[in-house]
Amino acid sequence: MRNLLIFITKYNAFFLFLIFEITSIVIYIKYNSFQKATFINSANDVTGKMYTRINGLYDYMSLKEVNDSLARENASLRNQLKSSFYVDTVAKHKVADSVYKVQYEYTVAKVINNSVNHSNNYITINRGSKDGIAVGMGVISNGGIVGKVVNVTEHFANVQSMLNKDTRFSVMLVNNKEIGYIRWGDDMNPHKGLLMDVNNNAQPRLGEAVVTSGYSLFPAGIMVGRLTDLHPKGGGISLNMEVTFSVDFTKLQYVDVVDNKFAKEQEGLEALQKKDD
Amino acid sequence: MIRTVLVNLIRFILLVFIQVFLLKNITLYNLATPYLYILFILLLPFETPNILLFALAFITGLTIDAFYDTPGLHAAACVLLALVRILFISITVQKDGFDNEPEPTLSIMGFRWFLTYALVLTLFHHFFLFNLEAFNLSQIQYTLSRFVLSSLFTVFLMLVSGLLFYRRKERK
């Protein structure tokens with residue numbers, strides 16, 4: 001027993017190393033495999049508040065770009081308004097009726113923390129459960145899709161960005177509606193993604209738009225990006241293509257969280273079907 | 001004693017701030033990301049007890065993890081860094097010299113020793129960090145190039161900060 005104690009004190013560095021190393025690796029692996037909400041992330045009170053504060057400074061420096069994009073969005077929204085007024089006044093009248101139910105609801109949120117240079121990137125936004133954000137909702141910006149919500153606290157939420165190895169969304173080619181899924185490219189370029197598993201019969205063209213298919217968290221037809229390379233390496237029985245994202249993740253400022261009102265109902269229905277099988 | 005604690009506390013806060021609010025946004029050519037915060041562990045006094053050293057390394061790692069949303073990743077790399085630090089110092093520095101050489105800074109230990117020290121420790125830390133983050137052998141080439149370039153970037157920043165706080169009088 002005494003010899004054992006002497007042995008341990010003599011090589012105490014190594015044993016201490018083992019204890020701390022195992023602790024940290026357990027934390028790392030546990031978080032990674034379950035995506036659990038732990039207190040060590042940028043949505044907790046302390047780090048969240050600090051990010052909000054420093055973000056004020058960053059905002060100030062990019063006011064011009066934000067102004068430009070807001071003005072552009074304003075213009076496009078105004079265009080839509082006008083056209084809907086002139087084209088069909090009847091349909092407009094019906095919207096106020098209960099014929100149409102709102103399926104998607106958008107909540108605007110501000111990005112207070114963002115990264116693009118890790119192999120798994122997350123975004124923190126300044127809306128949380130208090131504002132009706134829940135885990136699993138999709139996130140878009142005025143350029144296109146951004147990611148999905150993975151953690152929610154009262155005032156903040158973590159978004160798993162498109163620039164994350166685990167992010168996959170169902171998308172389609174805009175012209176012939178061929179379905180595939182999009183994921184981030186292998187070389188960690190924040191502007192490029194890969195469109196995978198498209199049917200061989202599809203005839204994609206360079207520069208063709210890729211949009212959401214409506215099988216995912218998003219309404220159908222939301223812009224994802226444009227095809228920039230039809231034959232990246234890999235692929236075999238199906239087509240793989242390189243996509244340039246329409247959202248510039250390095251300059252993300254404001255995003256919209258999409259709440260699909262019918263998601264629960266749809267999930268329940270599909271779960272029922274599984275049970276029957 | 002109080003002075004040493006205070007200096008290290010300020011250094012910790014300063015380095016974490018620089019890392020999280022400045023260096024986090026810097027990436028050269030999509031490859032080189034500096035992790036300057038490990039300078040805090042490098043510059044702890046020689047006489048720090050092992051248990052305190054490991055605990056501080058673990059806490060530093062977790063603090064960075066909280067901001068980077070990667071719980072455990074930086075903590076694991078920092079704990080490894082602490083072990084390498086203990087081994088490196090026990091090999092290269094004589095124990096009785098601790099009285100007049102309290103901290104392993106550039107101005108006290110000289111340029112050559114500090115460069116080797118910073119380089120070896122940074123290489124270990126970054127190698128472990130990048131491989132644990134990727135956790136994947138299929139992109140090993142890419143991970144390795146990230147590791148080498150980031151290490152060079154980090155060591156460069158360490159030398160710059162060392163020269164910035166260089167005090168000639170301390171050298172005996």
# chains A, B, ... in the order shown; residues from 1 in each chain; ligands from 1
>>> residues_around(residues="B:Ala134", least_positions_apart="2", cutoff="8 Å", atoms="only C-alpha atoms", output="list in words")
Ser119 of chain A; Phe130, Asn131, Leu132, Asn136 and Thr143 of chain B
>>> interface_residues(of="chain A", to="chain B", cutoff="7 Å", atoms="only C-alpha atoms", output="ChimeraX atom specification")
/A:13,16-17,20-21,24-25,27-28,31,40-42,47,117,119,189
>>> select_by_dssp(residues="stretch 3-165 of chain B", states="helix (DSSP H, G or I)", output="PyMOL selection string")
chain B and resi 3-21+23-25+36-42+50-68+73-92+95-98+106-109+111-134+140-164
